[in-house]
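Novice: Compact mmCIF, C-alpha atoms, saved as data.txt, coming up:
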# COMPACT_ATOMS: atom_id res chain seq x y z
CA MET J 1 -11.52 -28.87 -9.23
CA GLU J 2 -9.70 -27.03 -11.95
CA ARG J 3 -10.18 -28.05 -15.57
CA ILE J 4 -7.14 -28.09 -17.82
CA GLY J 5 -8.37 -28.70 -21.33
CA ASN J 6 -10.48 -31.84 -21.11
CA LYS J 7 -8.65 -33.06 -17.98
CA VAL J 8 -9.42 -32.35 -14.33
CA SER J 9 -6.69 -31.34 -11.88
CA TYR J 10 -7.18 -32.88 -8.44
CA ILE J 11 -4.26 -31.00 -6.89
CA ARG J 12 -5.50 -28.66 -4.19
CA LYS J 13 -3.89 -25.31 -3.80
CA PRO J 14 -2.48 -24.49 -0.35
CA LEU J 15 -3.91 -21.60 1.63
CA ALA J 16 -2.12 -18.29 1.38
CA THR J 17 0.48 -17.80 4.12
CA TYR J 18 -0.58 -14.26 4.97
CA SER J 19 -4.15 -15.43 5.49
CA PHE J 20 -3.05 -17.32 8.61
CA VAL J 21 -1.48 -14.12 9.97
CA SER J 22 -4.69 -12.28 9.16
CA LEU J 23 -6.70 -14.95 11.00
CA GLY J 24 -4.56 -14.64 14.12
CA LEU J 25 -4.84 -10.86 14.09
CA ILE J 26 -8.61 -10.81 13.68
CA VAL J 27 -9.03 -13.32 16.51
CA ALA J 28 -6.87 -11.09 18.72
CA ALA J 29 -8.89 -8.05 17.64
CA TYR J 30 -12.16 -9.72 18.62
CA ILE J 31 -10.71 -10.75 22.00
CA PHE J 32 -9.52 -7.17 22.63
CA GLY J 33 -12.92 -5.83 21.58
CA ILE J 34 -14.82 -8.16 23.89
CA ILE J 35 -12.56 -7.25 26.82
CA SER J 36 -12.99 -3.54 26.08
CA VAL J 37 -16.78 -3.76 25.91
CA MET J 38 -16.89 -5.87 29.08
CA LEU J 39 -14.82 -3.31 30.99
CA SER J 40 -17.11 -0.54 29.81
CA TYR J 41 -20.18 -2.55 30.79
CA GLN J 42 -18.80 -3.29 34.27
CA ASN J 43 -18.27 0.43 34.87
CA MET J 44 -21.79 1.28 33.63
CA GLY J 45 -20.66 3.06 30.48
CA ASP J 46 -17.97 5.12 32.17
CA ALA J 47 -15.06 3.24 30.64
CA PRO J 48 -11.67 3.52 32.32
CA LEU J 49 -8.56 4.45 30.39
CA ASN J 50 -7.42 0.83 30.01
CA ALA J 51 -10.71 -0.03 28.25
CA ALA J 52 -10.00 2.72 25.72
CA ALA J 53 -6.44 1.46 25.26
CA ILE J 54 -7.63 -2.10 24.69
CA GLY J 55 -10.25 -0.79 22.24
CA LEU J 56 -7.53 1.06 20.36
CA CYS J 57 -5.48 -2.17 20.27
CA SER J 58 -8.51 -3.89 18.77
CA ILE J 59 -8.78 -1.24 16.05
CA VAL J 60 -5.06 -1.44 15.25
CA THR J 61 -5.08 -5.24 15.03
CA THR J 62 -8.20 -5.10 12.84
CA VAL J 63 -6.47 -2.74 10.42
CA SER J 64 -3.40 -4.99 10.44
CA SER J 65 -5.62 -7.97 9.68
CA ILE J 66 -7.07 -6.11 6.70
CA VAL J 67 -3.58 -5.29 5.42
CA TYR J 68 -2.38 -8.90 5.72
CA GLY J 69 -5.62 -10.12 4.15
CA VAL J 70 -4.99 -7.91 1.14
CA PHE J 71 -1.34 -9.01 0.95
CA ALA J 72 -2.55 -12.62 0.82
CA PHE J 73 -4.10 -11.95 -2.57
CA PHE J 74 -0.67 -11.14 -4.02
CA GLU J 75 0.57 -14.68 -3.42
CA LYS J 76 0.54 -16.68 -6.64
CA GLU J 77 -1.28 -20.01 -7.08
CA LYS J 78 -2.82 -20.08 -3.59
CA ASN J 79 -6.27 -20.64 -2.15
CA TYR J 80 -7.68 -17.30 -0.97
CA LEU J 81 -10.75 -18.57 0.90
CA LEU J 82 -9.34 -17.94 4.39
CA ALA J 83 -8.18 -14.46 3.38
CA LYS J 84 -11.68 -13.62 2.14
CA VAL J 85 -13.27 -14.85 5.37
CA CYS J 86 -10.80 -12.85 7.45
CA LEU J 87 -11.51 -9.72 5.42
CA VAL J 88 -15.25 -10.12 6.00
CA PHE J 89 -14.79 -10.47 9.76
CA ALA J 90 -12.34 -7.55 9.80
CA GLY J 91 -14.87 -5.44 7.93
CA ILE J 92 -17.53 -6.30 10.48
CA ALA J 93 -15.18 -5.36 13.32
CA MET J 94 -14.32 -2.04 11.65
CA CYS J 95 -18.01 -1.25 11.17
CA PHE J 96 -18.60 -2.02 14.85
CA TRP J 97 -15.82 0.30 15.97
CA LEU J 98 -16.96 3.06 13.62
CA VAL J 99 -20.48 2.83 15.07
CA VAL J 100 -19.08 2.92 18.63
CA ILE J 101 -16.92 5.97 17.86
CA VAL J 102 -19.76 7.83 16.14
CA ALA J 103 -22.23 6.93 18.91
CA ALA J 104 -19.77 8.11 21.56
CA GLY J 105 -19.57 11.46 19.83
CA TYR J 106 -23.30 12.04 20.21
CA VAL J 107 -23.51 11.14 23.90
Once you've parsed the file, please lay out its structure as structure tokens.
Specialist:
Amino acid sequence: MERIGNKVSYIRKPLATYSFVSLGLIVAAYIFGIISVMLSYQNMGDAPLNAAAIGLCSIVTTVSSIVYGVFAFFEKEKNYLLAKVCLVFAGIAMCFWLVVIVAAGYV
């Protein structure tokens, strides 16, 4: 609840529009990532080319989710909770992919 002087405002702010786009993109990124890891696991670590392509799609959609999450903060008088959650999950996904890329370089 927001205080205005000695009064309390009970009007809730709507969620930022771009945060819904960011949510859809991060869900798609996690689905792509799971499919990519499953394909690599099925082939005992020797991932086929389509697993790499799906992994790249996961990285691109994660970056897009981060961009839309940041754009959500530029909307005025909105609730940014969903955008913050999406940015946290996108950060986790990016850390995962960075670890996978670095680990693949040492093998």
Novice: Using all atoms listed in the file for the distances, tell me which of J:Tyr41, J:Phe96, J:Tyr106, J:Phe89 is nearest to Val27 of chain J.
Specialist: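 The shortest atom-to-atom distance to Val27 of chain J comes from J:Phe89.
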Novice: Give me the residues within 12 Å of Val107 of chain J as a list of chain:residue names, counting all atoms listed in the file and dropping any in the same chain fewer than 5 places off.
Specialist: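 Within the cut-off, the hits are J:Gly45, J:Asp46, J:Val100, J:Ile101, J:Val102.
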Novice: At what distance in Å, to one decimal, does atom CA of Ala103 of chain J lie from atom CA of Val37 of chain J?
Specialist: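 Atom-to-atom, atom CA of Val37 of chain J and atom CA of Ala103 of chain J are spaced 13.9 Å apart.
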Novice: For Val60 of chain J, which residue among J:Ala47, J:Leu81, J:Ala29, J:Leu87 is the nearest when counting all atoms listed in the file?
Specialist: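 Of J:Ala47, J:Leu81, J:Ala29, J:Leu87, the one nearest Val60 of chain J, counting all atoms listed in the file, is J:Ala29.
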Novice: From the list J:Ala16, J:Val99, J:Ile11, J:Leu23, which residue is nearest Val85 of chain J when using only C-alpha atoms?
Specialist: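 Closest to Val85 of chain J of all the choices is J:Leu23.
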Novice: Given the choices J:Leu82, J:Leu56, J:Ile31, J:Ala93, which gets closest to Ser19 of chain J if the distance is worked out from all atoms listed in the file?
Specialist: J:Leu82
Novice: List as an mmCIF file with C-alpha atoms, in the coordinates of the input the protein and nucleic acid residues near Ala72 of chain J, meaning an atom at most 10 Å away when only C-alpha atoms are counted, but skip any in the same chain fewer than 4 places from it.
Specialist:
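Output file part32.cif is given in full below:
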data_model
loop_
_atom_site.group_PDB
_atom_site.id
_atom_site.type_symbol
_atom_site.label_atom_id
_atom_site.label_comp_id
_atom_site.auth_asym_id
_atom_site.auth_seq_id
_atom_site.Cartn_x
_atom_site.Cartn_y
_atom_site.Cartn_z
ATOM 1 C CA LEU J 15 -3.910 -21.600 1.630
ATOM 2 C CA ALA J 16 -2.120 -18.290 1.380
ATOM 3 C CA THR J 17 0.480 -17.800 4.120
ATOM 4 C CA TYR J 18 -0.580 -14.260 4.970
ATOM 5 C CA SER J 19 -4.150 -15.430 5.490
ATOM 6 C CA PHE J 20 -3.050 -17.320 8.610
ATOM 7 C CA VAL J 21 -1.480 -14.120 9.970
ATOM 8 C CA SER J 22 -4.690 -12.280 9.160
ATOM 9 C CA ILE J 66 -7.070 -6.110 6.700
ATOM 10 C CA VAL J 67 -3.580 -5.290 5.420
ATOM 11 C CA TYR J 68 -2.380 -8.900 5.720
ATOM 12 C CA LYS J 76 0.540 -16.680 -6.640
ATOM 13 C CA LYS J 78 -2.820 -20.080 -3.590
ATOM 14 C CA ASN J 79 -6.270 -20.640 -2.150
ATOM 15 C CA TYR J 80 -7.680 -17.300 -0.970
ATOM 16 C CA LEU J 82 -9.340 -17.940 4.390
ATOM 17 C CA ALA J 83 -8.180 -14.460 3.380
ATOM 18 C CA LYS J 84 -11.680 -13.620 2.140
#
Novice: Can you work out which one of J:Gly105, J:Phe74, J:Thr61, J:Leu98 has the shortest atom-to-atom distance to Ala28 of chain J, counting all atoms listed in the file?
Specialist: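 Of J:Gly105, J:Phe74, J:Thr61, J:Leu98, the one nearest Ala28 of chain J is J:Thr61, counting all atoms listed in the file.
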Novice: Would you mind reading off the distance between atom CA of Pro14 of chain J and atom CA of Val63 of chain J, one decimal, in Å?
Specialist: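 Pair atom CA of Pro14 of chain J / atom CA of Val63 of chain J returns 24.6 Å.
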Novice: Please tell me which residues are no farther than 12 Å from (-5.0, -4.1, 20.6) in the file, counting all atoms listed in the file, and write them as a list in words.
Specialist: Leu25, Ile26, Val27, Ala28, Ala29, Tyr30, Ile31, Phe32, Gly33, Ile34, Ile35, Ser36, Asn50, Ala51, Ala52, Ala53, Ile54, Gly55, Leu56, Cys57, Ser58, Ile59, Val60, Thr61, Thr62, Val63, Ser64 and Ser65 of chain J
Novice: So how many Å separate atom CA of Leu39 of chain J and atom CA of Val88 of chain J, to one decimal?
Specialist: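 Atom CA of Leu39 of chain J sits 25.9 Å away from atom CA of Val88 of chain J.
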